[in-house]
Amino acid sequence: MVKILCLLLLIALCRTHFSYAMALNAEDICAEETKISMAKVWASYREESISEEDEEYGKYFHCVWLMKKLMDVNGSIDKTEVQNFLEKEISQDFTLNASLKQTLKEAAERCSKLDSASVQRKSVKLKNCITSTIRSSVFPL
């Protein structure tokens with residue numbers, strides 16, 4: 001009887017931990033892993049361009065892009081994943097027509113060709129490219 005109760009308790013604890021882990025998103029997990037404050041994270045999303053010199057942002061965004069599969073550990077950017085990410089983000093609030101999809105495809109191509117001396121700097125450049133693309137696509141001049 002005690003063994004059964006211990007097994008049931010273990011199962012309940014594992015399910016709770018798994019549910020908690022599934023509820024967290026890449027941003028939360030990476031903020032915790034890189035020890036960056038959420039205030040700084042949110043500030044980065046408000047700015048179209050942040051400094052690629054900031055190592056804290058570099059580590060954070062590299063972690064996020066890895067988890068979202070936009071970038072690999074060596075800094076290679078996956079153009080298809082960037083395009084999918086852009087379409088997903090914009091389609092939450094706007095209808096994607098053929099013209100907008102083409103714009104996002106071209107932006108994904110541009111963003112995937114970014115280069116930098118380090119993976120962290122490239123990660124920040126990718127963030128800046130994505131933010132710029134979303135802003136210009138949603139609020140064209």
# chains A, B, ... in the order shown; residues from 1 in each chain; ligands from 1

$ residues_around --residues "Tyr57 of chain A" --least-positions-apart "5" --cutoff "9 Å" --atoms "only C-alpha atoms" --output "list of chain:residue names"
A:Ile36, A:Lys40, A:Val41, A:Ser44, A:Ile50, A:Ser51, A:Glu52, A:His62, A:Gln120, A:Arg121, A:Ser123, A:Val124

$ write_last_selection --atoms "C-alpha atoms" --output "PDB file, in the first residue's frame"
ATOM      1  CA  ILE A  36      18.425  38.746 -17.490  1.00  0.00           C
ATOM      2  CA  LYS A  40      15.226  44.482 -19.632  1.00  0.00           C
ATOM      3  CA  VAL A  41      13.645  41.847 -21.882  1.00  0.00           C
ATOM      4  CA  SER A  44      14.250  45.215 -25.787  1.00  0.00           C
ATOM      5  CA  ILE A  50      19.136  47.355 -29.518  1.00  0.00           C
ATOM      6  CA  SER A  51      22.904  47.342 -29.246  1.00  0.00           C
ATOM      7  CA  GLU A  52      24.543  44.157 -30.417  1.00  0.00           C
ATOM      8  CA  HIS A  62      20.671  33.311 -28.732  1.00  0.00           C
ATOM      9  CA  GLN A 120      25.516  36.509 -29.525  1.00  0.00           C
ATOM     10  CA  ARG A 121      25.882  39.622 -31.674  1.00  0.00           C
ATOM     11  CA  SER A 123      21.382  36.884 -32.271  1.00  0.00           C
ATOM     12  CA  VAL A 124      20.788  40.543 -31.421  1.00  0.00           C
TER      13      VAL A 124
END

$ residues_around --residues "segment 133-140 of chain A" --least-positions-apart "2" --cutoff "9 Å" --atoms "only C-alpha atoms" --output "number ranges by chain"
A: 48, 86, 89-90, 94, 100, 103-104, 107-108, 128-131

$ write_last_selection --atoms "N, CA, C and O atoms" --output "short mmCIF file (atom, residue, chain, number, x, y, z; two decimals), in the first residue's frame"
data_model
loop_
_atom_site.label_atom_id
_atom_site.label_comp_id
_atom_site.auth_asym_id
_atom_site.auth_seq_id
_atom_site.Cartn_x
_atom_site.Cartn_y
_atom_site.Cartn_z
N GLU A 48 13.07 49.12 -31.54
CA GLU A 48 13.26 48.46 -32.83
C GLU A 48 14.68 47.92 -32.96
O GLU A 48 14.91 46.86 -33.52
N LEU A 86 7.78 34.96 -38.48
CA LEU A 86 7.22 36.26 -38.85
C LEU A 86 5.73 36.14 -39.20
O LEU A 86 4.91 36.93 -38.74
N GLU A 89 3.70 35.51 -35.98
CA GLU A 89 3.58 36.71 -35.15
C GLU A 89 2.59 37.71 -35.74
O GLU A 89 1.75 38.24 -35.03
N ILE A 90 2.69 37.96 -37.02
CA ILE A 90 1.83 38.97 -37.65
C ILE A 90 0.40 38.47 -37.80
O ILE A 90 -0.55 39.24 -37.62
N PHE A 94 -3.26 40.32 -37.75
CA PHE A 94 -3.55 40.79 -39.10
C PHE A 94 -3.74 39.62 -40.06
O PHE A 94 -3.19 38.54 -39.84
N LEU A 100 1.68 40.57 -48.41
CA LEU A 100 2.35 40.57 -47.11
C LEU A 100 3.21 39.31 -46.96
O LEU A 100 4.33 39.39 -46.46
N THR A 103 6.36 39.90 -48.81
CA THR A 103 7.21 40.82 -48.06
C THR A 103 7.94 40.09 -46.93
O THR A 103 9.14 40.30 -46.71
N LEU A 104 7.22 39.23 -46.24
CA LEU A 104 7.82 38.47 -45.13
C LEU A 104 8.83 37.45 -45.64
O LEU A 104 9.87 37.22 -45.00
N ALA A 107 11.89 39.43 -46.33
CA ALA A 107 12.51 39.83 -45.06
C ALA A 107 13.23 38.64 -44.43
O ALA A 107 14.33 38.80 -43.90
N ALA A 108 12.63 37.47 -44.49
CA ALA A 108 13.27 36.27 -43.93
C ALA A 108 14.57 35.98 -44.67
O ALA A 108 15.57 35.60 -44.05
N ASN A 128 16.80 42.46 -34.05
CA ASN A 128 16.57 43.78 -34.65
C ASN A 128 15.92 43.65 -36.03
O ASN A 128 15.02 44.42 -36.38
N CYS A 129 16.37 42.68 -36.81
CA CYS A 129 15.81 42.46 -38.15
C CYS A 129 14.34 42.04 -38.06
O CYS A 129 13.49 42.55 -38.79
N ILE A 130 14.04 41.15 -37.14
CA ILE A 130 12.66 40.69 -36.95
C ILE A 130 11.76 41.82 -36.48
O ILE A 130 10.67 42.03 -37.02
N THR A 131 12.22 42.57 -35.50
CA THR A 131 11.42 43.69 -34.98
C THR A 131 11.17 44.73 -36.07
O THR A 131 10.05 45.22 -36.23
#

$ closest_residue --among "A:Ala26, A:Ile77, A:Arg46, A:Glu33" --to "Ser116 of chain A" --atoms "only C-alpha atoms"
A:Ile77

$ closest_residue --among "A:Ala43, A:Val64, A:Leu70, A:Val119" --to "Asn84 of chain A" --atoms "only C-alpha atoms"
A:Leu70

$ residues_around --residues "Thr34 of chain A" --least-positions-apart "2" --cutoff "8 Å" --atoms "only C-alpha atoms" --output "ChimeraX atom specification"
/A:30-32,36,56,59-60

$ closest_residue --among "A:Glu53, A:Glu106, A:Asp78, A:Glu87" --to "Trp65 of chain A" --atoms "only C-alpha atoms"
A:Asp78

$ atom_distance --atom1 "atom CA of Ser76 of chain A" --atom2 "atom CA of Lys113 of chain A"
9.0 Å

$ closest_residue --among "A:Ser49, A:Ser132, A:Leu66, A:Gly75" --to "Ala117 of chain A" --atoms "only C-alpha atoms"
A:Gly75

$ atom_distance --atom1 "atom CA of Gly58 of chain A" --atom2 "atom CA of Leu126 of chain A"
10.2 Å

$ atom_distance --atom1 "atom CA of Ala39 of chain A" --atom2 "atom CA of Cys111 of chain A"
25.9 Å

$ decode --residues "segment 80-97 of chain A" --atoms "N, CA and C atoms" --output "compact mmCIF listing (two decimals), in the first residue's frame"
# COMPACT_ATOMS: atom_id res chain seq x y z
N THR A 80 13.58 29.49 -43.43
CA THR A 80 12.19 29.00 -43.39
C THR A 80 11.58 29.22 -42.01
N GLU A 81 12.34 28.93 -40.97
CA GLU A 81 11.83 29.13 -39.61
C GLU A 81 11.61 30.62 -39.31
N VAL A 82 12.49 31.48 -39.82
CA VAL A 82 12.30 32.92 -39.64
C VAL A 82 11.01 33.36 -40.33
N GLN A 83 10.80 32.89 -41.55
CA GLN A 83 9.58 33.25 -42.28
C GLN A 83 8.34 32.74 -41.53
N ASN A 84 8.39 31.49 -41.07
CA ASN A 84 7.26 30.94 -40.30
C ASN A 84 7.00 31.76 -39.04
N PHE A 85 8.08 32.14 -38.35
CA PHE A 85 7.96 32.94 -37.14
C PHE A 85 7.30 34.29 -37.44
N LEU A 86 7.78 34.96 -38.48
CA LEU A 86 7.22 36.26 -38.85
C LEU A 86 5.73 36.14 -39.20
N GLU A 87 5.39 35.13 -39.98
CA GLU A 87 3.99 34.93 -40.37
C GLU A 87 3.12 34.65 -39.15
N LYS A 88 3.63 33.82 -38.26
CA LYS A 88 2.86 33.49 -37.04
C LYS A 88 2.64 34.73 -36.18
N GLU A 89 3.70 35.51 -35.98
CA GLU A 89 3.58 36.71 -35.15
C GLU A 89 2.59 37.71 -35.74
N ILE A 90 2.69 37.96 -37.02
CA ILE A 90 1.83 38.97 -37.65
C ILE A 90 0.40 38.47 -37.80
N SER A 91 0.23 37.18 -38.08
CA SER A 91 -1.12 36.65 -38.29
C SER A 91 -1.96 36.62 -37.02
N GLN A 92 -1.32 36.83 -35.87
CA GLN A 92 -2.10 36.90 -34.62
C GLN A 92 -3.02 38.11 -34.61
N ASP A 93 -2.63 39.16 -35.34
CA ASP A 93 -3.42 40.39 -35.32
C ASP A 93 -3.86 40.87 -36.70
N PHE A 94 -3.26 40.32 -37.75
CA PHE A 94 -3.55 40.79 -39.10
C PHE A 94 -3.74 39.62 -40.06
N THR A 95 -4.49 39.87 -41.12
CA THR A 95 -4.68 38.86 -42.15
C THR A 95 -3.48 38.88 -43.09
N LEU A 96 -2.96 37.70 -43.36
CA LEU A 96 -1.82 37.60 -44.27
C LEU A 96 -2.32 37.44 -45.70
N ASN A 97 -2.14 38.49 -46.50
CA ASN A 97 -2.48 38.38 -47.91
C ASN A 97 -1.22 38.00 -48.69
